[in-house]
There are 2 protein chains.
Amino acid sequence: MSDSSVTLAHVARLAGVSIITVSKVLNNTGRISEATRSRVLNAANQLGYVANSAARSLRGRPTQILGMVIPELISPYFAEVARAAANSASRLGYDLALFTTSRDPERERERVGTLLGGLADGLIIVVPIGASGFLATLERVRAPVVLVNHFGAATHLPVVRADSFEGSVAAVRHLMDLGHRRIGFVGGAPHSSQAAERLRAYRECMRAADLWDENLVCSGDFTQVRGFEAGHQLLGLEQPPTAIFAASDLTAFGIIDAARARGLQVPRDLSVVGFDDIPAAAHAHPSLTTVAHPIADMAEAAVQLFAQIKAGQPVQDTLVEFPSSLVVRGSSGPAPKTRKGTAL
Amino acid sequence: MSDSSVTLAHVARLAGVSIITVSKVLNNTGRISEATRSRVLNAANQLGYVANSAARSLRGRPTQILGMVIPELISPYFAEVARAAANSASRLGYDLALFTTSRDPERERERVGTLLGGLADGLIIVVPIGASGFLATLERVRAPVVLVNHFGAATHLPVVRADSFEGSVAAVRHLMDLGHRRIGFVGGAPHSSQAAERLRAYRECMRAADLWDENLVCSGDFTQVRGFEAGHQLLGLEQPPTAIFAASDLTAFGIIDAARARGLQVPRDLSVVGFDDIPAAAHAHPSLTTVAHPIADMAEAAVQLFAQIKAGQPVQDTLVEFPSSLVVRGSSGPAPKTRKGTAL
DNA sequence: AGGATTTGGGTTAACGTTAACCCAAAGAGA
DNA sequence: TCTCTTTGGGTTAACGTTAACCCAAATCCT
């Protein structure tokens, strides 16, 4: 009864009308009598007709598909961005087509080409974007393109992003206020601008307080596994930190695991602050002190911006920035007396 | 220099040749002299030409896009399936376009229609599929369709899935062997066939050992938050369990958090076994005893199956099933003496 | 040198859909 | 009765790409 390659022609034949009449009925355009209309609709249903979106797109019709290019899906952060964007898109009648790039600039470029080549009506790109020449290419594209979490070169494209700097400063200050002097840092992915912002905030705070020590900084990749390793590395130092600020919640969890494995209690012996405020942060034990990133708001704003541009309101040089804010929970506490003494 | 709507015609004009010549160069078909070829390639590069995949697909050419429909992205399980599939697809020269359904059967149907309507060359559907009539529709589709984790009605479509039953039996037996008598269960999402399999295995084991108690079963949704709640619920019973089998690793983590919040130690006071063996399971503290699900193998197999069918080897009634296996780690241990006494 | 082949490239038509017109037939107004 | 409008529906062409032919000019063979 139904087949993948049912075309307007098949429906038209069954309904005994012309192709264009079927098209008109299905698109609610033109003048069609009630009798014909229902005859056509019946035929379409019976055959299981689905419009070929390739042909439709070729004719200039929107595909109602919003493309999203995202570095990866494993981290809850990106997964949450994708989920929130899919929800927002859905409310506006769009399907979200998700492509991952594995941070490969060449593939990224190809995918964007494919998506914009008649497949999607617009694009939300969650940086990092590879080459900056690519940015110039994107600016010339006709379809709406929105950048999420772009911190790099200036662009005319609309950008939605969340601050990482202020929230990180708040996190480090929070630890200092608790009396911590040796505060470690475990970073994020090497090319992530968000990770760079978090490191920058940490560095400036530590230098301003004259507490900077290169040994306290560990590279990372946002993962829990890496947090576990980095935690062991930092806690194995001759003068180990009494607090660690992690560039992601998962990394913070890994650090807490490492501390436990070494017989330390959090927050008694070690304070840990994460970043992102993923759902698990509130429900872990101890609950995680972290910096909340308004992921859902960002995704929603990006989709809204896309819809606005699509609707004909050309937006340029738009920057929507959401603040990040410290959420104090159970994983941070006063610096232990003994260690504090050691560090001074 | 580059624009989204650069067509063959633009390239042709710049290169001083006809449209078809450009097409031939770009597709490596037909006879073209070296001089012309390089002139065309130059022009294409200069203009940043990208083939319009809609037009290409309309002409019957493959889009090199493999569609994947997945219920959600938040759980590491599905995220990992998506990642693994994207990797496998990439190796075969395909891009993976990911669509989420939020378990809405109507949208699911629409999306499949869109994808197969000239957008994707094939489809991998990670169940649950809504209506069973939908299955019949899918069977008539011309493009390759592969089902992942389908446990429902019989179908002619190829199915790739991982066993949940045997692994769950092994998990419950493991706990029994450790001396546990009151073993709790926290389930997965209501409509997940995998969750149903896990519950079925638990129920059969418990009944066979005459240990079944309805109060020990909690509904769940695979999340950590739900695990936390369910953990509190089970541990708050008059006769609390000494071990809990969770339908997912995240849920197990939530249960462990709940146990800690109640002052219990894992595994001394409570043994916990998860399901999935997500990366964090090995690195948590204590490390998580769990049932390993061969996610990457499944995804790889599904993509391979798709490629095979696409290559013209029609596969029907194929069922590829991977075993699940118990991984014993640190979160499970002997039943506490006192509690064991209580339960007897 | 004359026909047969190769080389290099162009013409035509078609994929499925739809926007912009067009045109009969029926009803309305005088 | 004759035009004027409305109704209902069909025709044509075009989106960008490519498969299947076609045709000149150049090269080859005997």
# chains A, B, ... in the order shown; residues from 1 in each chain; ligands from 1
>>> interface_residues(of="chain B", to="chain D", cutoff="7 Å", atoms="only C-alpha atoms (C1' of nucleotides)", output="list in words")
Thr7, Asn52, Ala55, Arg56 and Arg59 of chain B
>>> interface_residues(of="chain B", to="chain A", cutoff="8 Å", atoms="only C-alpha atoms", output="ChimeraX atom specification")
/B:2-5,50-55,57-58,72-74,76,79-80,82-83,86,95-100,111,113-114,116-119,137,140-143,224-225,228,254,257-258,260-261,279-280,283-286
>>> interface_residues(of="chain C", to="chain A", cutoff="10 Å", atoms="only C-alpha atoms (C1' of nucleotides)", output="PyMOL selection string")
chain C and resi 15-19
>>> write_last_selection(atoms="C-alpha atoms (C1' of nucleotides)", output="mmCIF file, in the first residue's frame")
data_model
loop_
_atom_site.group_PDB
_atom_site.id
_atom_site.type_symbol
_atom_site.label_atom_id
_atom_site.label_comp_id
_atom_site.auth_asym_id
_atom_site.auth_seq_id
_atom_site.Cartn_x
_atom_site.Cartn_y
_atom_site.Cartn_z
ATOM 1 C "C1'" DC C 15 14.492 13.505 -11.430
ATOM 2 C "C1'" DG C 16 9.771 15.563 -8.248
ATOM 3 C "C1'" DT C 17 7.945 19.723 -6.976
ATOM 4 C "C1'" DT C 18 5.743 24.200 -7.373
ATOM 5 C "C1'" DA C 19 5.097 29.486 -8.827
#
>>> atom_distance(atom1="atom CA of A:Glu238", atom2="atom CA of A:Gln265")
18.7 Å
>>> residues_around(residues="A:Ile183", least_positions_apart="3", cutoff="7 Å", atoms="only C-alpha atoms (C1' of nucleotides)", output="PyMOL selection string")
chain A and resi 180+216+241-244
>>> select_by_dssp(residues="stretch 40-194 of chain B", states="alpha helix (DSSP H)", output="ChimeraX atom specification")
/B:40-47,53-58,76-91,105-116,132-140,165-177,193-194
>>> select_by_dssp(residues="stretch 35-275 of chain A", states="strand (DSSP E)", output="ChimeraX atom specification")
/A:65-70,95-100,122-126,145-148,159-162,183-186,217-218,243-246,271-275
>>> write_last_selection(atoms="N, CA and C atoms", output="short mmCIF file (atom, residue, chain, number, x, y, z; two decimals), in the first residue's frame")
data_model
loop_
_atom_site.label_atom_id
_atom_site.label_comp_id
_atom_site.auth_asym_id
_atom_site.auth_seq_id
_atom_site.Cartn_x
_atom_site.Cartn_y
_atom_site.Cartn_z
N ILE A 65 14.12 21.92 8.09
CA ILE A 65 15.17 21.24 8.83
C ILE A 65 16.22 22.26 9.23
N LEU A 66 16.56 22.25 10.48
CA LEU A 66 17.59 23.14 10.99
C LEU A 66 18.82 22.30 11.28
N GLY A 67 19.91 22.64 10.65
CA GLY A 67 21.13 21.86 10.85
C GLY A 67 21.88 22.32 12.08
N MET A 68 22.54 21.38 12.72
CA MET A 68 23.37 21.74 13.87
C MET A 68 24.67 20.97 13.78
N VAL A 69 25.75 21.70 13.86
CA VAL A 69 27.07 21.06 13.83
C VAL A 69 27.69 21.19 15.20
N ILE A 70 28.08 20.07 15.74
CA ILE A 70 28.50 20.03 17.14
C ILE A 70 29.76 19.16 17.22
N ASP A 95 12.76 20.41 12.37
CA ASP A 95 13.48 19.24 12.83
C ASP A 95 14.95 19.60 12.93
N LEU A 96 15.60 19.11 13.95
CA LEU A 96 17.01 19.38 14.11
C LEU A 96 17.82 18.21 13.57
N ALA A 97 18.65 18.49 12.58
CA ALA A 97 19.55 17.46 12.05
C ALA A 97 20.93 17.71 12.64
N LEU A 98 21.42 16.72 13.34
CA LEU A 98 22.64 16.90 14.11
C LEU A 98 23.81 16.23 13.40
N PHE A 99 24.88 16.97 13.27
CA PHE A 99 26.09 16.38 12.70
C PHE A 99 27.25 16.61 13.66
N THR A 100 28.04 15.59 13.85
CA THR A 100 29.22 15.77 14.69
C THR A 100 30.46 15.87 13.81
N GLY A 122 18.90 26.36 7.61
CA GLY A 122 19.82 27.21 8.36
C GLY A 122 20.73 26.34 9.19
N LEU A 123 21.60 27.00 9.92
CA LEU A 123 22.64 26.24 10.58
C LEU A 123 22.97 26.87 11.93
N ILE A 124 23.08 26.01 12.92
CA ILE A 124 23.62 26.46 14.20
C ILE A 124 24.93 25.73 14.39
N ILE A 125 26.00 26.49 14.52
CA ILE A 125 27.30 25.87 14.66
C ILE A 125 27.82 26.09 16.07
N VAL A 126 28.04 24.99 16.74
CA VAL A 126 28.63 25.09 18.07
C VAL A 126 30.13 24.98 17.86
N VAL A 145 22.92 31.59 9.61
CA VAL A 145 23.91 30.83 10.37
C VAL A 145 24.08 31.49 11.73
N VAL A 146 23.98 30.72 12.77
CA VAL A 146 24.17 31.24 14.12
C VAL A 146 25.31 30.49 14.78
N LEU A 147 26.19 31.24 15.41
CA LEU A 147 27.33 30.65 16.10
C LEU A 147 27.05 30.55 17.59
N VAL A 148 27.38 29.41 18.17
CA VAL A 148 27.20 29.25 19.61
C VAL A 148 28.56 29.09 20.28
N VAL A 159 26.04 35.73 17.23
CA VAL A 159 26.71 34.82 18.16
C VAL A 159 25.90 34.72 19.45
N VAL A 160 25.70 33.52 19.90
CA VAL A 160 25.10 33.29 21.21
C VAL A 160 26.14 32.59 22.06
N ARG A 161 26.39 33.09 23.24
CA ARG A 161 27.38 32.41 24.05
C ARG A 161 27.13 32.65 25.53
N ALA A 162 27.76 31.82 26.30
CA ALA A 162 27.66 31.99 27.75
C ALA A 162 29.02 32.40 28.25
N ILE A 183 45.31 26.22 45.19
CA ILE A 183 44.11 25.86 44.44
C ILE A 183 44.54 25.34 43.07
N GLY A 184 44.20 24.09 42.80
CA GLY A 184 44.57 23.49 41.52
C GLY A 184 43.55 23.78 40.43
N PHE A 185 43.96 23.55 39.21
CA PHE A 185 43.05 23.74 38.08
C PHE A 185 43.22 22.59 37.10
N VAL A 186 42.12 22.02 36.69
CA VAL A 186 42.16 20.99 35.63
C VAL A 186 41.36 21.51 34.45
N VAL A 217 48.48 23.50 37.68
CA VAL A 217 47.61 23.50 36.49
C VAL A 217 47.79 22.19 35.72
N CYS A 218 46.68 21.52 35.47
CA CYS A 218 46.68 20.28 34.69
C CYS A 218 45.88 20.48 33.42
N ALA A 243 42.27 22.58 47.26
CA ALA A 243 41.05 22.81 46.49
C ALA A 243 41.40 22.70 45.01
N ILE A 244 40.44 22.21 44.23
CA ILE A 244 40.67 22.11 42.79
C ILE A 244 39.45 22.65 42.06
N PHE A 245 39.73 23.49 41.10
CA PHE A 245 38.68 24.02 40.23
C PHE A 245 38.78 23.28 38.91
N ALA A 246 37.70 22.63 38.52
CA ALA A 246 37.71 21.82 37.30
C ALA A 246 36.91 22.50 36.20
N SER A 271 38.47 20.52 48.63
CA SER A 271 37.29 21.16 48.05
C SER A 271 37.37 21.04 46.53
N VAL A 272 36.23 20.79 45.90
CA VAL A 272 36.21 20.66 44.45
C VAL A 272 35.07 21.50 43.90
N VAL A 273 35.38 22.28 42.88
CA VAL A 273 34.35 23.07 42.20
C VAL A 273 34.36 22.70 40.73
N GLY A 274 33.19 22.46 40.20
CA GLY A 274 33.08 22.07 38.79
C GLY A 274 32.60 23.22 37.92
N PHE A 275 32.20 22.87 36.72
CA PHE A 275 31.68 23.86 35.79
C PHE A 275 30.65 23.19 34.88
#
>>> atom_distance(atom1="atom CA of B:Leu175", atom2="atom CA of B:Asp277")
17.2 Å
>>> residues_around(residues="stretch 194-200 of chain A", least_positions_apart="6", cutoff="6 Å", atoms="only C-alpha atoms (C1' of nucleotides)", output="MDAnalysis selection string")
chainID A and resid 164:165 168 188
>>> write_last_selection(atoms="C-alpha atoms", output="CSV table (one decimal), in the first residue's frame")
chain,number,residue,atom,x,y,z
A,164,SER,CA,32.8,31.6,31.3
A,165,PHE,CA,35.1,34.2,32.8
A,168,SER,CA,35.2,31.2,36.9
A,188,GLY,CA,39.2,21.5,29.3
>>> atom_distance(atom1="atom CA of B:Gly220", atom2="atom CA of A:Asp276")
24.9 Å
>>> decode(residues="chain C", atoms="C-alpha atoms (C1' of nucleotides)", output="PDB file, in the first residue's frame")
ATOM      1  C1'  DA C   1      45.235   9.117 -48.835  1.00  0.00           C
ATOM      2  C1'  DG C   2      40.887   7.233 -47.207  1.00  0.00           C
ATOM      3  C1'  DG C   3      38.251   5.150 -43.750  1.00  0.00           C
ATOM      4  C1'  DA C   4      38.179   3.764 -38.759  1.00  0.00           C
ATOM      5  C1'  DT C   5      38.957   4.977 -34.326  1.00  0.00           C
ATOM      6  C1'  DT C   6      39.932   7.882 -30.416  1.00  0.00           C
ATOM      7  C1'  DT C   7      39.689  12.316 -27.937  1.00  0.00           C
ATOM      8  C1'  DG C   8      37.362  16.186 -25.966  1.00  0.00           C
ATOM      9  C1'  DG C   9      33.578  18.197 -25.246  1.00  0.00           C
ATOM     10  C1'  DG C  10      28.547  19.670 -25.928  1.00  0.00           C
ATOM     11  C1'  DT C  11      23.034  18.642 -26.273  1.00  0.00           C
ATOM     12  C1'  DT C  12      18.965  16.838 -24.569  1.00  0.00           C
ATOM     13  C1'  DA C  13      16.084  15.234 -21.252  1.00  0.00           C
ATOM     14  C1'  DA C  14      14.792  13.889 -16.815  1.00  0.00           C
ATOM     15  C1'  DC C  15      14.492  13.505 -11.430  1.00  0.00           C
ATOM     16  C1'  DG C  16       9.771  15.563  -8.248  1.00  0.00           C
ATOM     17  C1'  DT C  17       7.945  19.723  -6.976  1.00  0.00           C
ATOM     18  C1'  DT C  18       5.743  24.200  -7.373  1.00  0.00           C
ATOM     19  C1'  DA C  19       5.097  29.486  -8.827  1.00  0.00           C
ATOM     20  C1'  DA C  20       3.090  32.003 -12.279  1.00  0.00           C
ATOM     21  C1'  DC C  21      -0.020  31.975 -15.731  1.00  0.00           C
ATOM     22  C1'  DC C  22      -3.882  30.456 -18.397  1.00  0.00           C
ATOM     23  C1'  DC C  23      -8.480  28.825 -19.654  1.00  0.00           C
ATOM     24  C1'  DA C  24     -12.849  26.664 -19.786  1.00  0.00           C
ATOM     25  C1'  DA C  25     -17.479  26.482 -17.499  1.00  0.00           C
ATOM     26  C1'  DA C  26     -20.839  28.311 -14.401  1.00  0.00           C
ATOM     27  C1'  DG C  27     -23.187  31.956 -12.268  1.00  0.00           C
ATOM     28  C1'  DA C  28     -24.253  37.152 -11.769  1.00  0.00           C
ATOM     29  C1'  DG C  29     -25.748  41.499 -13.224  1.00  0.00           C
ATOM     30  C1'  DA C  30     -27.686  44.628 -16.704  1.00  0.00           C
TER      31       DA C  30
END
